[in-house]
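J.: Structure file entry-v9.cif (mmCIF, C-alpha atoms) is given on the next line.
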data_model
#
loop_
_atom_site.label_atom_id
_atom_site.label_comp_id
_atom_site.auth_asym_id
_atom_site.auth_seq_id
_atom_site.Cartn_x
_atom_site.Cartn_y
_atom_site.Cartn_z
CA MET A 71 96.07 200.63 173.35
CA SER A 72 94.67 197.12 173.15
CA THR A 73 96.08 194.41 170.90
CA ILE A 74 93.28 192.07 171.92
CA PRO A 75 90.34 192.33 169.51
CA ARG A 76 87.29 193.95 171.05
CA VAL A 77 85.09 192.55 168.29
CA SER A 78 84.92 189.02 166.98
CA SER A 79 85.42 188.03 163.37
CA ALA A 80 82.20 187.80 161.38
CA ILE A 81 83.80 185.38 158.94
CA ALA A 82 83.97 181.77 160.09
CA GLY A 83 87.50 180.45 160.36
CA GLU A 84 89.17 183.84 160.06
CA PRO A 85 90.78 185.75 162.90
CA ALA A 86 89.56 189.22 163.79
CA HIS A 87 91.07 191.74 161.39
CA PHE A 88 89.68 194.84 159.77
CA GLY A 89 87.96 193.00 156.92
CA SER A 90 86.50 190.19 159.01
CA VAL A 91 85.26 192.58 161.68
CA LEU A 92 83.78 195.00 159.15
CA ALA A 93 81.89 191.99 157.78
CA HIS A 94 79.51 192.43 160.72
CA GLN A 95 78.20 195.31 158.61
CA PRO A 96 78.15 194.05 155.00
CA ALA A 97 76.77 197.26 153.50
CA ILE A 98 79.45 199.35 155.18
CA ALA A 99 82.15 196.87 154.16
CA GLU A 100 81.03 196.73 150.52
CA SER A 101 80.79 200.48 150.14
CA PHE A 102 84.08 201.08 151.94
CA PHE A 103 86.04 198.69 149.76
CA ALA A 104 84.39 200.11 146.61
CA LEU A 105 85.38 203.61 147.72
CA TYR A 106 88.89 202.60 148.73
CA GLY A 107 89.43 200.74 145.45
CA ARG A 108 88.21 203.72 143.44
CA PHE A 109 90.45 206.06 145.43
CA TRP A 110 93.59 203.96 144.97
CA GLY A 111 92.72 203.17 141.36
CA SER A 112 92.47 206.82 140.40
CA ASP A 113 95.57 208.28 138.80
CA VAL A 114 94.66 211.90 139.52
CA LEU A 115 97.16 211.71 142.37
CA ALA A 116 100.10 209.30 142.16
CA ALA A 117 99.98 206.27 144.44
CA ARG A 118 103.38 207.25 145.79
CA ILE A 119 101.98 210.56 147.05
CA LYS A 120 98.98 208.82 148.60
CA GLU A 121 101.26 206.32 150.30
CA VAL A 122 103.49 209.08 151.70
CA ALA A 123 100.40 210.60 153.37
CA ARG A 124 99.22 207.18 154.57
CA MET A 125 102.62 206.45 156.12
CA ARG A 126 102.62 209.77 157.95
CA ASN A 127 99.12 209.12 159.29
CA ALA A 128 100.20 205.65 160.43
CA ARG A 129 103.04 207.11 162.45
CA VAL A 130 101.10 209.97 164.02
CA THR A 131 98.04 207.89 164.94
CA GLU A 132 100.28 205.02 166.14
CA CYS A 133 98.62 202.48 163.86
CA GLY A 134 101.06 199.58 163.78
CA PHE A 135 99.12 197.68 161.14
CA CYS A 136 99.02 200.69 158.81
CA ARG A 137 102.70 201.38 159.49
CA ASN A 138 103.81 197.91 158.41
CA VAL A 139 101.74 197.62 155.25
CA ARG A 140 103.05 198.85 151.91
CA PHE A 141 100.93 199.02 148.77
CA ASP A 142 102.71 197.63 145.72
CA LYS A 143 101.73 200.42 143.34
CA ALA A 144 103.58 202.98 145.48
CA VAL A 145 106.59 200.69 145.80
CA ALA A 146 106.66 200.39 141.99
CA GLU A 147 106.62 204.19 141.81
CA GLY A 148 109.85 204.30 143.79
CA LEU A 149 108.70 204.59 147.39
CA GLY A 150 111.48 202.56 148.96
CA GLU A 151 112.21 202.14 152.64
CA GLU A 152 114.96 204.75 152.54
CA VAL A 153 112.27 207.30 151.64
CA VAL A 154 109.70 205.95 154.11
CA ASP A 155 112.30 206.21 156.87
CA ASP A 156 112.32 209.97 156.35
CA ILE A 157 108.55 210.30 156.87
CA THR A 158 109.11 211.17 160.48
CA ASP A 159 109.43 214.35 162.52
CA GLY A 160 111.96 216.56 160.77
CA TYR A 161 110.89 215.44 157.28
CA GLU A 162 111.26 219.05 156.19
CA THR A 163 115.04 218.59 155.94
CA SER A 164 114.96 215.25 154.10
CA ASP A 165 116.94 215.02 150.88
CA LYS A 166 114.99 211.92 149.81
CA LEU A 167 111.49 213.40 149.88
CA THR A 168 110.49 215.72 147.05
CA ASP A 169 109.18 219.23 147.66
CA THR A 170 105.74 218.00 146.62
CA GLU A 171 105.90 215.22 149.19
CA LYS A 172 106.97 217.64 151.91
CA ALA A 173 104.01 219.89 151.07
CA VAL A 174 101.73 216.84 151.22
CA LEU A 175 103.17 215.84 154.59
CA LYS A 176 102.56 219.32 156.01
CA PHE A 177 98.95 219.17 154.84
CA THR A 178 98.61 215.68 156.32
CA ASP A 179 99.95 216.87 159.67
CA ALA A 180 97.54 219.81 159.60
CA LEU A 181 94.54 217.60 158.91
CA ILE A 182 95.30 214.80 161.33
CA HIS A 183 96.99 216.78 164.07
CA ASP A 184 96.90 220.59 164.07
CA PRO A 185 95.20 222.81 161.47
CA GLU A 186 97.43 225.70 162.56
CA LEU A 187 100.30 223.97 160.77
CA LEU A 188 98.78 224.95 157.45
CA THR A 189 100.26 228.42 157.47
CA GLY A 190 100.13 230.74 154.50
CA GLY A 191 103.41 229.35 153.20
CA ALA A 192 102.41 225.74 153.65
CA LYS A 193 99.08 226.35 151.96
CA ALA A 194 100.74 228.14 149.06
CA ALA A 195 103.23 225.29 148.67
CA LEU A 196 100.45 222.71 148.59
CA GLN A 197 98.55 224.65 145.95
CA ARG A 198 101.72 225.22 143.93
CA HIS A 199 102.55 221.52 143.79
CA LEU A 200 99.06 220.03 143.48
CA THR A 201 96.03 220.87 141.37
CA PRO A 202 92.66 221.41 143.07
CA ALA A 203 91.54 217.95 141.92
CA GLN A 204 94.66 216.38 143.42
CA ILE A 205 94.11 218.22 146.71
CA ALA A 206 90.51 216.96 146.83
CA GLU A 207 91.70 213.40 146.33
CA LEU A 208 94.47 213.83 148.90
CA GLY A 209 91.96 215.23 151.39
CA LEU A 210 89.69 212.26 150.88
CA GLY A 211 92.61 209.91 151.35
CA VAL A 212 93.87 211.48 154.55
CA THR A 213 90.32 211.54 155.92
CA LEU A 214 89.95 207.82 155.22
CA PHE A 215 93.43 206.94 156.50
CA LEU A 216 92.76 208.75 159.75
CA ALA A 217 89.28 207.32 160.30
CA LEU A 218 90.39 203.83 159.33
CA ALA A 219 93.38 203.90 161.67
CA LYS A 220 91.35 205.17 164.61
CA ALA A 221 88.55 202.67 164.03
CA LEU A 222 91.10 199.88 163.75
CA ILE A 223 92.93 200.89 166.92
CA THR A 224 89.81 201.42 169.02
CA MET A 225 88.37 198.06 167.97
CA GLY A 226 91.52 196.42 169.32
CA LEU A 227 92.74 195.25 165.91
CA GLU A 228 96.35 196.30 166.31
CA PRO A 229 98.72 193.37 165.82
CA GLU A 230 101.07 192.54 168.69
CA VAL A 231 103.84 191.99 166.18
CA MET A 232 103.81 192.35 162.43
CA ASP A 233 106.45 192.14 159.74
CA ARG A 234 106.57 194.67 156.95
CA THR A 235 104.12 193.41 154.34
CA VAL A 236 103.70 194.48 150.72
CA LEU A 237 100.06 194.08 149.68
CA PRO A 238 98.33 194.49 146.34
CA THR A 239 97.01 198.03 146.05
CA PRO A 240 93.25 198.15 146.68
CA ALA A 241 91.43 198.08 143.38
CA VAL A 242 87.94 198.47 142.06
CA LEU A 243 86.19 195.15 141.78
CA GLU A 244 84.68 194.85 138.32
CA ALA A 245 81.54 193.24 139.70
CA ALA A 246 80.99 196.19 142.01
CA GLU A 247 80.99 198.70 139.20
CA MET B 244 77.20 218.29 153.24
CA SER B 245 80.54 217.44 154.83
CA ALA B 246 83.79 219.18 153.90
CA VAL B 247 84.99 216.02 152.17
CA GLN B 248 81.87 215.73 150.05
CA ALA B 249 82.11 219.41 149.14
CA ALA B 250 85.76 219.04 148.14
CA LEU B 251 84.90 216.14 145.84
CA ALA B 252 82.45 218.18 143.79
CA GLY B 253 84.70 217.90 140.75
CA ASP B 254 84.74 214.10 140.85
CA PRO B 255 81.12 212.92 140.93
CA VAL B 256 82.02 209.22 140.89
CA LEU B 257 84.34 209.41 143.88
CA ALA B 258 81.90 211.75 145.62
CA GLU B 259 79.08 209.24 145.13
CA HIS B 260 81.21 206.40 146.51
CA TYR B 261 82.08 208.47 149.56
CA ALA B 262 78.46 209.50 150.12
CA THR B 263 77.31 205.88 149.89
CA PHE B 264 79.92 204.69 152.38
CA ARG B 265 79.05 207.49 154.81
CA ALA B 266 75.32 206.88 154.44
CA ASN B 267 75.67 203.13 154.97
CA ALA B 268 77.69 203.66 158.13
CA GLU B 269 75.13 206.07 159.52
CA ALA B 270 72.18 203.90 158.49
CA ALA B 271 73.44 201.12 160.75
CA LEU B 272 72.78 203.21 163.84
CA ASP B 273 69.85 205.09 165.36
CA PRO B 274 69.77 208.47 163.55
CA ALA B 275 69.42 210.25 166.88
CA LEU B 276 72.63 208.63 168.14
CA VAL B 277 74.45 209.54 164.93
CA ALA B 278 73.43 213.18 165.34
CA LEU B 279 74.51 213.20 168.98
CA VAL B 280 77.87 211.61 168.14
CA ARG B 281 78.53 214.14 165.39
CA ASP B 282 77.68 217.02 167.73
CA ALA B 283 79.77 215.59 170.58
CA VAL B 284 82.83 215.15 168.34
CA ALA B 285 82.36 218.57 166.74
CA ALA B 286 82.12 220.11 170.21
CA VAL B 287 85.51 218.64 171.14
CA HIS B 288 86.92 220.44 168.10
CA GLY B 289 85.17 223.67 169.12
CA MET B 290 82.94 223.53 166.06
CA ALA B 291 79.57 223.02 167.73
CA ARG B 292 77.83 223.19 171.07
CA ALA B 293 77.99 220.04 173.14
CA PRO B 294 74.72 218.11 173.04
CA ASP B 295 72.33 218.52 175.96
CA GLU B 296 72.58 215.19 177.78
CA SER B 297 70.12 215.95 180.56
CA MET B 298 67.35 213.85 179.00
CA LEU B 299 69.55 211.04 177.72
CA ASP B 300 69.75 207.56 179.21
CA ASP B 301 72.97 206.32 180.79
CA ARG B 302 73.84 204.02 177.88
CA THR B 303 73.65 206.86 175.38
CA LYS B 304 75.78 209.00 177.69
CA LEU B 305 78.37 206.20 177.74
CA CYS B 306 78.47 206.23 173.95
CA LEU B 307 78.95 209.98 173.87
CA ALA B 308 81.72 209.84 176.46
CA TYR B 309 83.45 207.29 174.24
CA ALA B 310 82.92 209.42 171.13
CA ARG B 311 84.45 212.46 172.80
CA ARG B 312 87.71 210.55 173.30
CA MET B 313 88.10 209.78 169.60
CA PRO B 314 89.61 213.14 168.51
CA PHE B 315 92.58 213.26 170.89
CA GLU B 316 92.55 210.15 173.08
CA HIS B 317 91.81 207.25 170.78
CA THR B 318 94.76 205.19 172.01
CA ALA B 319 93.63 205.60 175.63
CA ILE B 320 90.14 204.15 175.22
CA SER B 321 90.00 201.17 177.54
CA ASP B 322 88.64 197.67 177.11
CA ALA B 323 85.98 198.54 179.72
CA GLU B 324 84.80 201.57 177.75
CA ALA B 325 84.64 199.55 174.53
CA SER B 326 82.83 196.74 176.31
CA ALA B 327 80.22 199.12 177.69
CA VAL B 328 79.44 200.50 174.24
CA THR B 329 79.31 196.99 172.78
CA ALA B 330 76.92 195.89 175.53
CA HIS B 331 74.60 198.69 174.47
CA LEU B 332 74.90 198.46 170.69
CA GLY B 333 75.93 194.84 170.09
CA GLU B 334 79.04 193.85 168.13
CA ALA B 335 77.71 194.92 164.76
CA GLY B 336 76.51 198.19 166.25
CA TYR B 337 79.89 198.80 167.86
CA VAL B 338 81.58 198.33 164.47
CA ALA B 339 79.28 200.91 162.87
CA PHE B 340 79.68 203.22 165.86
CA SER B 341 83.48 203.01 165.56
CA VAL B 342 83.36 203.91 161.88
CA VAL B 343 80.85 206.75 162.33
CA THR B 344 82.74 208.24 165.27
CA ALA B 345 86.14 208.06 163.60
CA LEU B 346 84.73 209.49 160.38
CA ALA B 347 83.03 212.33 162.29
CA ASP B 348 86.39 213.26 163.79
CA ALA B 349 88.17 213.11 160.44
CA GLU B 350 85.47 215.18 158.73
CA CYS B 351 85.75 217.88 161.39
CA ARG B 352 89.47 218.00 160.79
CA ALA B 353 88.96 218.25 157.02
CA ALA B 354 86.67 221.22 157.63
CA MET B 355 89.21 222.85 159.95
CA VAL B 356 91.84 222.93 157.20
CA ASP B 357 89.18 224.22 154.78
CA LEU B 358 89.53 221.28 152.44
CA PRO B 359 86.82 222.58 150.07
CA GLY B 360 88.60 225.92 149.79
CA LEU B 361 91.95 224.25 149.13
CA ALA B 362 90.34 222.08 146.48
CA GLY B 363 88.71 225.06 144.82
CA ALA B 364 85.22 223.72 145.44
#
Hey, can you dump this file as structure tokens for me?
T.:
Amino acid sequence: MSTIPRVSSAIAGEPAHFGSVLAHQPAIAESFFALYGRFWGSDVLAARIKEVARMRNARVTECGFCRNVRFDKAVAEGLGEEVVDDITDGYETSDKLTDTEKAVLKFTDALIHDPELLTGGAKAALQRHLTPAQIAELGLGVTLFLALAKALITMGLEPEVMDRTVLPTPAVLEAAE
Amino acid sequence: MSAVQAALAGDPVLAEHYATFRANAEAALDPALVALVRDAVAAVHGMARAPDESMLDDRTKLCLAYARRMPFEHTAISDAEASAVTAHLGEAGYVAFSVVTALADAECRAAMVDLPGLAGA
């Protein structure tokens, strides 16, 4: 895995990072950030649940950038580091993750790693804890987290070192609406 | 329609945003290459037949070889492989190619867990 960018920044004066590299394709960038803002801004599914899935994806795909970023809305909803620490193999036995979060993690593993993990029991648990609309939103999120992480990694945008960083949760830009 | 788009049937606004993003990513590349990439990635997942490469030029074959590594070997793609694709598509093209390929993989996976069925779509 390369930590040397394979694409230059398209924004003068900025280093190569996801946003500055995506700026090579303004239409893709604009539509992605509008989508991502709408996704995170929706309250159909709590930000904490979305962040639990994003953290799991970060660990499985080995995305160091994703793994070190926290979105503030999820932190405000109680997703502390003691909970994040349990989003690892063996999460099924965690006493810090809720049953809903464990069902979400099983679904996340199935989508990003092995669909066979979504057994009858796991599927029933997911549908017991989440409404169809919440599952649709979760599915969109995991799809985007996975694609984003893989695009980021393959473009060489992984940081060599990075401290844990709390960022504002992506939001819909009023002008884009 | 992809599994993700189908699952979002109950949220037209989010569905429209997703469709626009997907369409913009695909519009940045040759439609023939997009179709080949989608088929190559789907074939890795056992969801489609691998594209017939007998009539393709070497540069397109390089792109497809790269795309086939996205589902299970994304961390092993080398600088040389990335450089070869960039030499063919240019930097902006490589960015779009990365997004389209990664999204193709993720969409296959969403279909494999039957996301629309789970979401009651």
J.: Could you check how far atom CA of Asp156 of chain A sits from atom CA of Glu171 of chain A, in Å to one decimal?
T.: 11.0 Å
J.: For the provided coordinates, the residues matched by the PyMOL selection byres ((chain A) within 6 of (chain B)) should be stated as a list in words.
T.: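 Checking the PyMOL selection byres ((chain A) within 6 of (chain B)) against this file, the residues are Met71, His94, Ile98, Ser101, Phe102, Leu105, Leu181, Pro185, Pro202, Ile205, Ala206, Thr213, Ala217 and Ala221 of chain A.
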J.: What does the structure give for the distance between atom CA of Thr224 of chain A and atom CA of Arg126 of chain A, in Å to one decimal?
T.: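 Atom-to-atom, atom CA of Thr224 of chain A and atom CA of Arg126 of chain A are spaced 18.9 Å apart.
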J.: Using the chain letters and numbers from the file, give me the residues hit by the PyMOL selection byres ((chain A and resi 81-93) around 10), as number ranges by chain.
T.: A: 74-80, 94-100, 102-103, 135, 218-219, 221-223, 225-229; B: 334-335, 338-339, 342
J.: I need the chosen residues saved as a JSON list (two decimals), keeping the file's coordinate frame, with C-alpha atoms.
T.:
[["chain", "number", "residue", "atom", "x", "y", "z"],
["A", 74, "ILE", "CA", 93.28, 192.07, 171.92],
["A", 75, "PRO", "CA", 90.34, 192.33, 169.51],
["A", 76, "ARG", "CA", 87.29, 193.95, 171.05],
["A", 77, "VAL", "CA", 85.09, 192.55, 168.29],
["A", 78, "SER", "CA", 84.92, 189.02, 166.98],
["A", 79, "SER", "CA", 85.42, 188.03, 163.37],
["A", 80, "ALA", "CA", 82.20, 187.80, 161.38],
["A", 94, "HIS", "CA", 79.51, 192.43, 160.72],
["A", 95, "GLN", "CA", 78.20, 195.31, 158.61],
["A", 96, "PRO", "CA", 78.15, 194.05, 155.00],
["A", 97, "ALA", "CA", 76.77, 197.26, 153.50],
["A", 98, "ILE", "CA", 79.45, 199.35, 155.18],
["A", 99, "ALA", "CA", 82.15, 196.87, 154.16],
["A", 100, "GLU", "CA", 81.03, 196.73, 150.52],
["A", 102, "PHE", "CA", 84.08, 201.08, 151.94],
["A", 103, "PHE", "CA", 86.04, 198.69, 149.76],
["A", 135, "PHE", "CA", 99.12, 197.68, 161.14],
["A", 218, "LEU", "CA", 90.39, 203.83, 159.33],
["A", 219, "ALA", "CA", 93.38, 203.90, 161.67],
["A", 221, "ALA", "CA", 88.55, 202.67, 164.03],
["A", 222, "LEU", "CA", 91.10, 199.88, 163.75],
["A", 223, "ILE", "CA", 92.93, 200.89, 166.92],
["A", 225, "MET", "CA", 88.37, 198.06, 167.97],
["A", 226, "GLY", "CA", 91.52, 196.42, 169.32],
["A", 227, "LEU", "CA", 92.74, 195.25, 165.91],
["A", 228, "GLU", "CA", 96.35, 196.30, 166.31],
["A", 229, "PRO", "CA", 98.72, 193.37, 165.82],
["B", 334, "GLU", "CA", 79.04, 193.85, 168.13],
["B", 335, "ALA", "CA", 77.71, 194.92, 164.76],
["B", 338, "VAL", "CA", 81.58, 198.33, 164.47],
["B", 339, "ALA", "CA", 79.28, 200.91, 162.87],
["B", 342, "VAL", "CA", 83.36, 203.91, 161.88]]
J.: What separation in Å, quoted to one decimal, exists between atom CA of Phe141 of chain A and atom CA of Pro240 of chain A?
T.: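 Distance reported for this atom pair: 8.0 Å.
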J.: Run the PyMOL selection byres ((chain A and resi 199) around 12) mentally over the shown coordinates, then write out the matched residues as a PDB file with C-alpha atoms, keeping the file's coordinate frame, using the chain letters and numbers from the document.
T.:
ATOM      1  CA  LEU A 115      97.160 211.710 142.370  1.00  0.00           C
ATOM      2  CA  ILE A 119     101.980 210.560 147.050  1.00  0.00           C
ATOM      3  CA  THR A 168     110.490 215.720 147.050  1.00  0.00           C
ATOM      4  CA  ASP A 169     109.180 219.230 147.660  1.00  0.00           C
ATOM      5  CA  THR A 170     105.740 218.000 146.620  1.00  0.00           C
ATOM      6  CA  GLU A 171     105.900 215.220 149.190  1.00  0.00           C
ATOM      7  CA  LYS A 172     106.970 217.640 151.910  1.00  0.00           C
ATOM      8  CA  ALA A 173     104.010 219.890 151.070  1.00  0.00           C
ATOM      9  CA  VAL A 174     101.730 216.840 151.220  1.00  0.00           C
ATOM     10  CA  PHE A 177      98.950 219.170 154.840  1.00  0.00           C
ATOM     11  CA  ALA A 192     102.410 225.740 153.650  1.00  0.00           C
ATOM     12  CA  LYS A 193      99.080 226.350 151.960  1.00  0.00           C
ATOM     13  CA  ALA A 194     100.740 228.140 149.060  1.00  0.00           C
ATOM     14  CA  ALA A 195     103.230 225.290 148.670  1.00  0.00           C
ATOM     15  CA  LEU A 196     100.450 222.710 148.590  1.00  0.00           C
ATOM     16  CA  GLN A 197      98.550 224.650 145.950  1.00  0.00           C
ATOM     17  CA  ARG A 198     101.720 225.220 143.930  1.00  0.00           C
ATOM     18  CA  LEU A 200      99.060 220.030 143.480  1.00  0.00           C
ATOM     19  CA  THR A 201      96.030 220.870 141.370  1.00  0.00           C
ATOM     20  CA  PRO A 202      92.660 221.410 143.070  1.00  0.00           C
ATOM     21  CA  ALA A 203      91.540 217.950 141.920  1.00  0.00           C
ATOM     22  CA  GLN A 204      94.660 216.380 143.420  1.00  0.00           C
ATOM     23  CA  ILE A 205      94.110 218.220 146.710  1.00  0.00           C
TER      24      ILE A 205
END
J.: I need the residue nearest Asp233 of chain A from this list: A:Ala180, A:Arg129, A:Leu210, A:Arg137. Use all atoms listed in the file for the distance.
T.: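 Of A:Ala180, A:Arg129, A:Leu210, A:Arg137, the one nearest Asp233 of chain A, counting all atoms listed in the file, is A:Arg137.
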J.: Which residue is closest to Leu332 of chain B? Choose from B:Ala293, B:Val284, B:Leu272, B:Ala278 and count all atoms listed in the file.
T.: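 Closest to Leu332 of chain B, using all atoms listed in the file: B:Leu272.
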J.: Name the residues in contact with Phe215 of chain A at a cut-off of 8 Å, using only C-alpha atoms, excluding same-chain residues fewer than 6 positions from it; report them as a list in words.
T.: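 Once the nearby chain positions are removed, what remains is Arg124, Asn127 and Ala128 of chain A.
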J.: Of the candidates A:Glu121, A:Ser112, A:Gly107, A:Lys166, which shows the shortest atom-to-atom distance to Glu207 of chain A, using all atoms listed in the file?
T.: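 Using all atoms listed in the file, the shortest distance to Glu207 of chain A belongs to A:Ser112.
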